[in-house]
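Below is one structure, written out as structure tokens, with a few remarks after it.
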Amino acid sequence: MISAITKAFSNLLKKPYTCNYPVTPVIKPKNYRGLIKFNDEYCIWCDKCEKVCPPNAIIFKQFEDGHKVYNYNPYLCIYCGDCIRACPKTGDALWQCEEKGLPSISKDAPNDDWFILEKEAKQSRENYKAIKAAKKKS
Amino acid sequence: MKKTINIPYGSQHIALLEPVRFQFETQNEKIVGVKADIGYVHRGIEKACTSTFEYKQIPSVVARVCGLCAITHSLTYVMAVEQIIDVNVSEKAKYLRMLMVELDRIHSHMLCLSHTAENAGYEALFMQIMADREIIMDIQEAISGNRVQFDFVCIGGVNRDITDEIVKFIIKSLNELQPKIEDIFDMFENNWSLSLKYKGIGAITKENASIYNALGPLARAAGLETDVRAESDYYPYEKIGYKMILEQTGDIYGRNRVRLREILSSIDMIKNILCDIPEGNIIEKVKGKPNGESVARLEAPRGEIFYYLKGVKQAMLDRVRTKTPTFSGIPAMVEIFKGQEYGDVPAILASFDPCMSCTAK
């Protein structure tokens, strides 16, 4: 009990445990799991990352001439790294950086645009399949 | 005719940690009847696991049931899946999993102790324990890459390996933590005014603990020997020096003592794990789709956590059932409240360490 009281008084003279966050940056450990980065030069367009992603934060949009476009939603991403482990070209095409994801504000419209994109991507695949099937027939 | 007054406690209350509602029937200050109502934070996770996500994605989904038990939820699920699809996990992966579970136990127990202190009126002690808890959070961040959502275990092993640098950091941090825990132990043991709030309050006998199916620290504080770590041999707990910790009093003081002693024993176990991590792969390849049923259980910080899975040779499972420790412990909690003073309720409830986001799922 006496030691507790002396400790309580000695704590008055000590620095606080907390840090002044936005002014002093927080020290992150090595290999911190941050945002997912992509390089389309090395991508083989296998769509494996899209399939394994638990929150569907990666979507490939298909165009009629055959090429695809990579879309990533950093606000939906849970930084689990499953896409990195599934990728056959880890490190070149897809990698995880140590940069922390920022919170979104309403101006970013993280959900509305993304849901429209999700529907468009689904539709674009179906259209592409239909075109391919039509070509085979002819 | 007896005159009783009904006092609702929750679903929102100044001393309540999470949304749960208790209806206390009181006679003067004494509680004579209790009704518990859970389910204020239901999110339909069991249904989502069988309708939206494939079985390989579910470890990340169930990890988000509860921030404190992130590792135990995903680990128990993964153990159940590994039983169905016949994957043998390497010894090294098992050791790394045990390491994370024990770290989880330390920081969960510290959170509970801090809340018990806060609800008994000790704001400063609450702050002190929460500040010391940061040491464990930093270790977990260094191992898994994130403070709360670890995503560390996966089907077939673990996602990340441990380096010599991290091992040194963990041992240094644990050596720093141990004297702090001993200080807190001393405070809980010898502080006279804390003992007024804890000793003899919220007690349960060994017989009642057994009848009402108490589990975890709640049961061990009453002297009931239940611990999945001792009952199952899936993880080599005996090799790393596991000892069951029992107290006989069954009151808040006993529960606090069980938790503090478990923290100290977990620190020793982690040091043993780090000394003899075997060599080997951290992850095995997984093939096939689950077909059949399986159950898995694990000792979470609050007690036994249980998963039941059913697969029908498809990527999506047919049934995922989670039974969490707080849900199983509610009959015992209700029994403990009877006969207590209404003013002691916040401290008693905090000493149960209830986790409502687990319970309601």
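Residues are referred to by chain and number: the chain letter is A, B, ... according to the order shown in the structure tokens, the number counts from 1 in that chain, and ligands are numbered separately from 1 in the order shown.
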### Message
List as a list in words the protein and nucleic acid residues near B:Lys180, meaning an atom at most 12 Å away when only C-alpha atoms are counted, but skip any in the same chain fewer than 2 places from it.
### Response
Ala4 and Lys7 of chain A; Met110, Gln128, Ile129, Met130, Ala131, Asp132, Arg133, Ile135, Ser173, Leu174, Asn175, Glu176, Leu177, Gln178, Glu182, Asp183, Ile184, Phe185, Asp186, Met187, Leu260, Ile263 and Leu264 of chain B
Select from chain B every residue with an atom at most 7 Å from any atom of chain A, then for each give the shortest pair of atoms and their distance in Å to one decimal, using only C-alpha atoms, rows by chain and rising number, as a Markdown table.
```
| residue | atom | partner | partner_atom | distance |
| --- | --- | --- | --- | --- |
| B:Gln57 | CA | A:Pro54 | CA | 5.3 |
| B:Ala131 | CA | A:Tyr17 | CA | 6.8 |
| B:Ala142 | CA | A:Pro29 | CA | 5.6 |
| B:Gly145 | CA | A:Tyr32 | CA | 4.4 |
| B:Asn146 | CA | A:Arg33 | CA | 6.3 |
| B:Asp151 | CA | A:Cys80 | CA | 5.8 |
| B:Met187 | CA | A:Met1 | CA | 6.8 |
| B:Asn190 | CA | A:Met1 | CA | 6.4 |
| B:Asn191 | CA | A:Met1 | CA | 5.3 |
```
### For B:Arg147: contacts at 7 Å, only C-alpha atoms, fewer than 6 positions along chain excluded, given as a ChimeraX atom specification
/B:137,140-141
### Query
Tell me, which residues of stretch 145-328 of chain B carry DSSP strand (DSSP E or B), written as a PyMOL selection string?
chain B and resi 153-154+157-158+283+291-300+303-312+319-323
Could you write out the selected residues, including N, CA, C and O atoms, as a compact mmCIF listing (two decimals), in the first residue's frame?
```txt
# COMPACT_ATOMS: atom_id res chain seq x y z
N VAL B 153 -3.04 -16.55 -38.49
CA VAL B 153 -3.19 -17.97 -38.82
C VAL B 153 -3.92 -18.13 -40.14
O VAL B 153 -4.76 -17.32 -40.50
N CYS B 154 -3.58 -19.19 -40.87
CA CYS B 154 -4.32 -19.52 -42.08
C CYS B 154 -4.44 -21.03 -42.13
O CYS B 154 -3.76 -21.73 -41.37
N GLY B 157 -1.28 -23.58 -41.54
CA GLY B 157 -0.13 -23.07 -40.78
C GLY B 157 -0.32 -21.63 -40.35
O GLY B 157 -1.40 -21.25 -39.93
N VAL B 158 0.74 -20.86 -40.44
CA VAL B 158 0.67 -19.43 -40.12
C VAL B 158 1.24 -18.63 -41.29
O VAL B 158 2.00 -19.14 -42.10
N ILE B 283 4.01 -23.21 -43.30
CA ILE B 283 2.71 -23.39 -43.97
C ILE B 283 2.74 -24.63 -44.86
O ILE B 283 3.74 -24.92 -45.50
N ASN B 291 -15.47 -31.74 -46.89
CA ASN B 291 -16.62 -32.64 -46.98
C ASN B 291 -16.73 -33.40 -45.67
O ASN B 291 -15.89 -34.24 -45.36
N GLY B 292 -17.74 -33.09 -44.89
CA GLY B 292 -17.92 -33.75 -43.61
C GLY B 292 -18.12 -32.75 -42.49
O GLY B 292 -18.28 -31.56 -42.73
N GLU B 293 -18.10 -33.31 -41.27
CA GLU B 293 -18.35 -32.45 -40.12
C GLU B 293 -17.14 -32.47 -39.19
O GLU B 293 -16.40 -33.45 -39.16
N SER B 294 -16.97 -31.41 -38.43
CA SER B 294 -15.90 -31.43 -37.45
C SER B 294 -16.19 -30.42 -36.34
O SER B 294 -16.94 -29.47 -36.53
N VAL B 295 -15.57 -30.68 -35.19
CA VAL B 295 -15.65 -29.72 -34.09
C VAL B 295 -14.24 -29.43 -33.60
O VAL B 295 -13.36 -30.27 -33.71
N ALA B 296 -14.03 -28.23 -33.11
CA ALA B 296 -12.74 -27.88 -32.54
C ALA B 296 -12.98 -27.00 -31.34
O ALA B 296 -13.94 -26.22 -31.30
N ARG B 297 -12.12 -27.13 -30.32
CA ARG B 297 -12.23 -26.23 -29.18
C ARG B 297 -10.86 -25.79 -28.72
O ARG B 297 -9.85 -26.46 -28.97
N LEU B 298 -10.86 -24.66 -28.06
CA LEU B 298 -9.60 -24.03 -27.65
C LEU B 298 -9.87 -23.20 -26.41
O LEU B 298 -10.99 -22.74 -26.21
N GLU B 299 -8.85 -23.06 -25.58
CA GLU B 299 -9.03 -22.24 -24.37
C GLU B 299 -8.76 -20.78 -24.72
O GLU B 299 -7.63 -20.35 -24.88
N ALA B 300 -9.83 -20.02 -24.87
CA ALA B 300 -9.72 -18.57 -25.09
C ALA B 300 -9.48 -17.92 -23.73
O ALA B 300 -9.63 -18.58 -22.70
N GLY B 303 -12.50 -18.58 -21.55
CA GLY B 303 -12.98 -19.94 -21.36
C GLY B 303 -12.95 -20.69 -22.66
O GLY B 303 -12.26 -20.30 -23.59
N GLU B 304 -13.76 -21.77 -22.71
CA GLU B 304 -13.70 -22.63 -23.89
C GLU B 304 -14.44 -22.01 -25.07
O GLU B 304 -15.58 -21.58 -24.93
N ILE B 305 -13.79 -21.97 -26.23
CA ILE B 305 -14.46 -21.53 -27.46
C ILE B 305 -14.60 -22.75 -28.37
O ILE B 305 -13.72 -23.59 -28.41
N PHE B 306 -15.74 -22.83 -29.04
CA PHE B 306 -16.10 -24.07 -29.73
C PHE B 306 -16.60 -23.75 -31.13
O PHE B 306 -17.37 -22.81 -31.30
N TYR B 307 -16.14 -24.51 -32.12
CA TYR B 307 -16.60 -24.33 -33.50
C TYR B 307 -17.12 -25.65 -34.04
O TYR B 307 -16.49 -26.68 -33.86
N TYR B 308 -18.24 -25.57 -34.73
CA TYR B 308 -18.77 -26.74 -35.45
C TYR B 308 -18.88 -26.36 -36.91
O TYR B 308 -19.40 -25.30 -37.24
N LEU B 309 -18.37 -27.21 -37.80
CA LEU B 309 -18.43 -26.93 -39.23
C LEU B 309 -19.03 -28.11 -39.97
O LEU B 309 -18.85 -29.25 -39.56
N LYS B 310 -19.72 -27.80 -41.05
CA LYS B 310 -20.22 -28.87 -41.92
C LYS B 310 -19.98 -28.43 -43.35
O LYS B 310 -20.40 -27.34 -43.76
N GLY B 311 -19.29 -29.28 -44.11
CA GLY B 311 -19.02 -28.97 -45.51
C GLY B 311 -19.64 -30.01 -46.41
O GLY B 311 -19.78 -31.17 -46.02
N VAL B 312 -20.04 -29.59 -47.62
CA VAL B 312 -20.68 -30.53 -48.56
C VAL B 312 -19.95 -30.51 -49.90
O VAL B 312 -20.56 -30.40 -50.95
N ARG B 319 -22.59 -25.16 -42.82
CA ARG B 319 -22.97 -24.64 -41.49
C ARG B 319 -21.70 -24.25 -40.74
O ARG B 319 -20.71 -24.98 -40.75
N VAL B 320 -21.75 -23.10 -40.10
CA VAL B 320 -20.67 -22.67 -39.19
C VAL B 320 -21.34 -22.28 -37.89
O VAL B 320 -22.19 -21.41 -37.87
N ARG B 321 -20.97 -22.97 -36.81
CA ARG B 321 -21.58 -22.64 -35.51
C ARG B 321 -20.46 -22.25 -34.55
O ARG B 321 -19.46 -22.96 -34.43
N THR B 322 -20.64 -21.14 -33.89
CA THR B 322 -19.67 -20.67 -32.91
C THR B 322 -20.33 -20.64 -31.55
O THR B 322 -21.42 -20.10 -31.42
N LYS B 323 -19.68 -21.25 -30.56
CA LYS B 323 -20.17 -21.11 -29.19
C LYS B 323 -19.08 -20.40 -28.39
O LYS B 323 -17.98 -20.92 -28.25
```
### Query
Could you name the residues that touch stretch 43-47 of chain A at 9 Å or less, counting only C-alpha atoms, but leaving out those on the same chain fewer than 4 positions away, as a PyMOL selection string?
chain A and resi 38-39+51+59-60+67-68+87-89+92-94
### Message
Here is a test: counting only C-alpha atoms, which residue of A:Gln96, A:Gln62, A:Asn111, A:Thr90 is nearest to A:Lys129?
### Response
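Looking only at the distances to A:Lys129, the closest residue turns out to be A:Gln62.
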### Task
Name all residues at most 9 Å from B:Gly67 (count only C-alpha atoms; drop same-chain ones fewer than 3 positions away) and give them as a list in words.
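Here the answer would be Ala63, Arg64, Ala70, Ile71, Val148, Gln149 and Ser357 of chain B.
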### Task
Find the residues around B:Thr249 up to 10 Å (only C-alpha atoms counted), leave out those fewer than 3 positions away in its own chain, and share them as a list in words.
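So, after excluding close chain neighbours, the residues are Lys199, Gly200, Ile201, Ala203, Ile204, Thr205, Lys206, Arg220, Ala221, Ala222, Gly223, Leu246, Ile252, Tyr253, Gly254 and Arg255 of chain B.
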### Query
Skipping near chain neighbours, those fewer than 5 positions away, what residues fall within 12 Å of A:Ala109 using only C-alpha atoms, listed as a ChimeraX atom specification?
/A:73,75-76,103-104,114-116
## Note on the structure
Among A:Lys100, A:Asn56, A:Lys15, A:Ile84, A:Tyr72 is approached most closely, using only C-alpha atoms, by A:Asn56
